[in-house]
Amino acid sequence: MSDANVITFYDIPSMMPGNAWSPNPWKTRFSLNYKGLAYKTEWVEYPDIEPLCKKLGAAPTETKATGEPHYTLPVIFDPRTKRAISDSAVIAEYLDEQYPETPKLFPEGTHALQYAFMDAYEQTLDALWAFAFPQTCARLRPGSEPYFRRTREKRFGMKMEALVPTGAARTEKLAQLEEGFGKYLGWIARNPGGGVFMTGDTPVFVDFMVAGYLVWIKILWEDEEIWGQVKQWHGGKLGKLLAAVEKYTTVVE
């Protein structure tokens, strides 16, 4: 396929092996790989995200406390339609619409269910930030680290290093994180036919959403205690989920 027809996927770089780390762009990487679509990755440092999105015409995904638009990644640019799309869920729906011959991320009748799940699941992840943000900050490139540190310290009202829980607080945060993943697995367990995914044996978008957070945890702590605990929680079901999507984890440059 000519490069002129290849989707460009915009992600945030790091100093970690493989470069890719951010759970939100991972949702789109999973989506593109699952569908088998041709794409290339362009790496964008945090301060350059807003100018890039404005240049491409990608919509803001959030609103700042000041009322100003907030631009985030992932973003894709599709030369076939000359459109720039932001927000991983919106990107997934766009890919379903524009490439109907590929596997569906939002099968018919699952949109409301998946969006309800996204809203509910995001609320279970608060315990993760205290562990993941300081680790991530230490592994970003010089072009992104000051921005990431400044914005997260403003959000939490403390220095990045002070976020890291210790002692009893650490044990409590890990228990909260385990409980959050347990809610997802509890919903999965309601499938009468079993399977590791939300709808059974075939992944949908929300499965890749959860997998994106698991990849982030694994990248940060693969050689440490935390990942060893997480992958064994709930009878090892989280490790099994990540193993089931391993074939879609290729980082395409």
# chains A, B, ... in the order shown; residues from 1 in each chain; ligands from 1
call {"tool": "closest_atom_pairs", "arguments": {"of": "stretch 150-252 of chain A", "to": "stretch 80-91 of chain A", "cutoff": "10 Å", "atoms": "only C-alpha atoms", "output": "tab-separated table"}}
result
residue	atom	partner	partner_atom	distance
A:Phe205	CA	A:Ala89	CA	7.5
A:Val206	CA	A:Ala89	CA	8.8
A:Met209	CA	A:Ser88	CA	8.9
call {"tool": "write_last_selection", "arguments": {"atoms": "C-alpha atoms", "output": "compact mmCIF listing (two decimals), in the first residue's frame"}}
result
# COMPACT_ATOMS: atom_id res chain seq x y z
CA PHE A 205 -13.23 -1.97 22.35
CA VAL A 206 -13.62 -2.01 26.15
CA MET A 209 -9.31 -0.30 27.06
call {"tool": "select_by_dssp", "arguments": {"residues": "stretch 5-180 of chain A", "states": "alpha helix (DSSP H)", "output": "compact mmCIF listing (two decimals) with C-alpha atoms, in the first residue's frame"}}
result
# COMPACT_ATOMS: atom_id res chain seq x y z
CA PRO A 23 -2.82 3.63 28.08
CA ASN A 24 -5.02 5.88 25.95
CA PRO A 25 -2.96 5.59 22.75
CA TRP A 26 -2.60 1.87 23.50
CA LYS A 27 -6.39 1.57 23.03
CA THR A 28 -5.98 2.88 19.48
CA ARG A 29 -2.88 0.78 18.77
CA PHE A 30 -4.87 -2.30 19.80
CA SER A 31 -7.75 -1.16 17.58
CA LEU A 32 -5.57 -0.65 14.51
CA ASN A 33 -3.68 -3.92 15.01
CA TYR A 34 -6.87 -5.90 15.64
CA LYS A 35 -8.34 -4.61 12.40
CA ILE A 49 0.10 17.96 21.17
CA GLU A 50 -2.12 21.04 21.12
CA PRO A 51 -0.37 22.72 18.14
CA LEU A 52 -0.48 19.41 16.24
CA CYS A 53 -4.19 18.88 16.88
CA LYS A 54 -5.02 22.41 15.81
CA LYS A 55 -2.94 21.96 12.65
CA LEU A 56 -4.66 18.68 11.77
CA SER A 88 -9.77 6.48 21.36
CA ALA A 89 -13.45 5.46 21.49
CA VAL A 90 -14.39 7.88 18.71
CA ILE A 91 -11.46 6.60 16.67
CA ALA A 92 -12.69 3.03 17.15
CA GLU A 93 -16.18 3.95 15.94
CA TYR A 94 -14.68 5.80 12.98
CA LEU A 95 -12.59 2.77 12.00
CA ASP A 96 -15.67 0.52 12.20
CA GLU A 97 -17.56 2.90 9.92
CA GLN A 98 -14.81 3.52 7.37
CA HIS A 111 -22.56 0.89 21.86
CA ALA A 112 -24.63 1.79 24.92
CA LEU A 113 -23.21 -1.12 26.91
CA GLN A 114 -19.62 -0.24 26.09
CA TYR A 115 -20.01 3.47 26.82
CA ALA A 116 -21.72 2.70 30.13
CA PHE A 117 -18.85 0.34 30.95
CA MET A 118 -16.26 3.01 30.11
CA ASP A 119 -17.89 5.50 32.46
CA ALA A 120 -18.14 2.96 35.26
CA TYR A 121 -14.68 1.49 34.82
CA GLU A 122 -12.78 4.78 34.72
CA ASP A 126 -8.16 6.30 41.02
CA ALA A 127 -5.80 4.07 43.02
CA LEU A 128 -3.60 3.53 39.97
CA TRP A 129 -2.54 7.15 39.49
CA ALA A 130 -0.50 7.35 42.70
CA PHE A 131 1.63 4.42 41.54
CA ALA A 132 1.79 5.07 37.82
CA PHE A 133 2.23 8.83 37.45
CA PRO A 134 5.56 9.13 39.34
CA GLN A 135 6.96 6.07 37.56
CA THR A 136 5.87 7.44 34.19
CA CYS A 137 7.25 10.91 34.88
CA GLU A 145 8.77 15.36 31.54
CA PRO A 146 8.45 19.01 32.70
CA TYR A 147 4.95 19.32 31.22
CA PHE A 148 3.79 16.01 32.68
CA ARG A 149 5.22 16.87 36.11
CA ARG A 150 3.77 20.39 36.18
CA THR A 151 0.26 19.39 35.14
CA ARG A 152 0.01 16.35 37.42
CA GLU A 153 1.43 18.18 40.43
CA LYS A 154 -1.13 20.93 39.88
CA ARG A 155 -3.90 18.34 39.62
CA PHE A 156 -2.98 16.57 42.88
CA MET A 160 5.21 13.95 42.13
CA GLU A 161 7.42 12.04 44.55
CA ALA A 162 4.95 12.65 47.40
CA LEU A 163 2.22 10.84 45.45
CA GLY A 167 3.45 1.39 54.23
CA ALA A 168 -0.21 0.90 55.08
CA ALA A 169 -1.28 3.46 52.47
CA ARG A 170 0.47 1.43 49.78
CA THR A 171 -1.27 -1.76 50.87
CA GLU A 172 -4.62 0.03 50.86
CA LYS A 173 -4.08 1.50 47.39
CA LEU A 174 -3.13 -1.88 45.96
CA ALA A 175 -6.27 -3.40 47.49
CA GLN A 176 -8.37 -0.64 45.92
CA LEU A 177 -6.75 -1.28 42.54
CA GLU A 178 -7.39 -5.01 42.84
CA GLU A 179 -11.02 -4.29 43.69
CA GLY A 180 -11.36 -2.04 40.65
call {"tool": "select_by_dssp", "arguments": {"residues": "stretch 43-225 of chain A", "states": "strand (DSSP E)", "output": "compact mmCIF listing (two decimals) with all heavy atoms, in the first residue's frame"}}
result
# COMPACT_ATOMS: atom_id res chain seq x y z
N TRP A 43 5.59 10.20 16.77
CA TRP A 43 5.72 10.43 18.21
C TRP A 43 5.70 11.92 18.49
O TRP A 43 6.43 12.69 17.86
CB TRP A 43 7.01 9.80 18.72
CG TRP A 43 7.06 8.32 18.43
CD1 TRP A 43 7.70 7.71 17.37
CD2 TRP A 43 6.43 7.28 19.17
NE1 TRP A 43 7.51 6.36 17.43
CE2 TRP A 43 6.73 6.06 18.52
CE3 TRP A 43 5.65 7.24 20.32
CZ2 TRP A 43 6.27 4.83 18.97
CZ3 TRP A 43 5.20 6.02 20.80
CH2 TRP A 43 5.51 4.83 20.13
N GLU A 62 -11.41 17.29 25.89
CA GLU A 62 -11.83 17.69 27.22
C GLU A 62 -11.87 19.22 27.28
O GLU A 62 -11.45 19.90 26.34
CB GLU A 62 -10.84 17.16 28.28
CG GLU A 62 -10.69 15.64 28.30
CD GLU A 62 -9.54 15.20 29.20
OE1 GLU A 62 -8.85 16.08 29.77
OE2 GLU A 62 -9.32 13.99 29.32
N THR A 63 -12.37 19.73 28.41
CA THR A 63 -12.36 21.16 28.68
C THR A 63 -11.59 21.42 29.96
O THR A 63 -11.84 20.77 30.98
CB THR A 63 -13.79 21.71 28.81
OG1 THR A 63 -14.51 21.44 27.61
CG2 THR A 63 -13.77 23.22 29.04
N PRO A 69 -10.34 24.68 25.61
CA PRO A 69 -10.31 23.30 25.11
C PRO A 69 -9.00 22.62 25.46
O PRO A 69 -7.94 23.25 25.51
CB PRO A 69 -10.46 23.47 23.60
CG PRO A 69 -9.98 24.86 23.31
CD PRO A 69 -10.35 25.67 24.53
N HIS A 70 -9.07 21.31 25.71
CA HIS A 70 -7.89 20.52 26.04
C HIS A 70 -7.71 19.45 24.99
O HIS A 70 -8.63 18.68 24.69
CB HIS A 70 -8.05 19.88 27.42
CG HIS A 70 -6.87 19.09 27.87
ND1 HIS A 70 -5.58 19.57 27.81
CD2 HIS A 70 -6.78 17.83 28.41
CE1 HIS A 70 -4.75 18.66 28.28
NE2 HIS A 70 -5.44 17.59 28.65
N VAL A 75 -4.57 10.49 18.46
CA VAL A 75 -5.21 11.08 17.27
C VAL A 75 -4.76 10.24 16.08
O VAL A 75 -3.64 9.73 16.07
CB VAL A 75 -4.78 12.55 17.08
CG1 VAL A 75 -5.12 13.05 15.69
CG2 VAL A 75 -5.44 13.44 18.14
N ILE A 76 -5.64 10.08 15.12
CA ILE A 76 -5.23 9.49 13.84
C ILE A 76 -5.55 10.48 12.73
O ILE A 76 -6.48 11.30 12.86
CB ILE A 76 -5.91 8.14 13.54
CG1 ILE A 76 -7.42 8.29 13.37
CG2 ILE A 76 -5.56 7.10 14.61
CD1 ILE A 76 -8.11 7.08 12.74
N PHE A 77 -4.79 10.39 11.65
CA PHE A 77 -5.14 11.12 10.42
C PHE A 77 -5.26 10.09 9.31
O PHE A 77 -4.34 9.30 9.08
CB PHE A 77 -4.08 12.15 10.04
CG PHE A 77 -4.42 12.87 8.76
CD1 PHE A 77 -5.37 13.88 8.75
CD2 PHE A 77 -3.82 12.50 7.56
CE1 PHE A 77 -5.71 14.53 7.57
CE2 PHE A 77 -4.16 13.14 6.37
CZ PHE A 77 -5.10 14.16 6.38
N ASP A 78 -6.43 10.08 8.68
CA ASP A 78 -6.71 9.12 7.61
C ASP A 78 -6.66 9.84 6.27
O ASP A 78 -7.54 10.65 5.97
CB ASP A 78 -8.10 8.50 7.83
CG ASP A 78 -8.38 7.35 6.87
OD1 ASP A 78 -7.62 7.18 5.88
OD2 ASP A 78 -9.36 6.62 7.09
N ARG A 83 -9.37 13.17 7.16
CA ARG A 83 -9.94 13.54 8.45
C ARG A 83 -8.99 13.18 9.59
O ARG A 83 -8.32 12.14 9.54
CB ARG A 83 -11.28 12.83 8.66
CG ARG A 83 -12.38 13.29 7.74
CD ARG A 83 -13.64 12.47 7.95
NE ARG A 83 -14.16 12.60 9.32
CZ ARG A 83 -15.16 11.86 9.79
NH1 ARG A 83 -15.73 10.93 9.03
NH2 ARG A 83 -15.58 12.05 11.04
N ALA A 84 -8.95 14.05 10.59
CA ALA A 84 -8.21 13.79 11.82
C ALA A 84 -9.23 13.50 12.92
O ALA A 84 -10.18 14.27 13.11
CB ALA A 84 -7.36 14.99 12.20
N ILE A 85 -9.04 12.40 13.62
CA ILE A 85 -9.99 11.95 14.64
C ILE A 85 -9.26 11.83 15.97
O ILE A 85 -8.18 11.25 16.05
CB ILE A 85 -10.61 10.58 14.28
CG1 ILE A 85 -11.10 10.56 12.82
CG2 ILE A 85 -11.74 10.24 15.23
CD1 ILE A 85 -12.22 11.51 12.52
N SER A 86 -9.87 12.35 17.02
CA SER A 86 -9.31 12.26 18.37
C SER A 86 -10.25 11.46 19.26
O SER A 86 -11.41 11.23 18.92
CB SER A 86 -9.10 13.66 18.95
OG SER A 86 -10.31 14.40 18.91
call {"tool": "closest_residue", "arguments": {"among": "A:Thr124, A:Thr250, A:Thr66, A:Thr72", "to": "A:Tyr39", "atoms": "only C-alpha atoms"}}
result
A:Thr250
call {"tool": "atom_distance", "arguments": {"atom1": "atom CA of A:Phe106", "atom2": "atom CA of A:Leu37"}}
result
16.3 Å
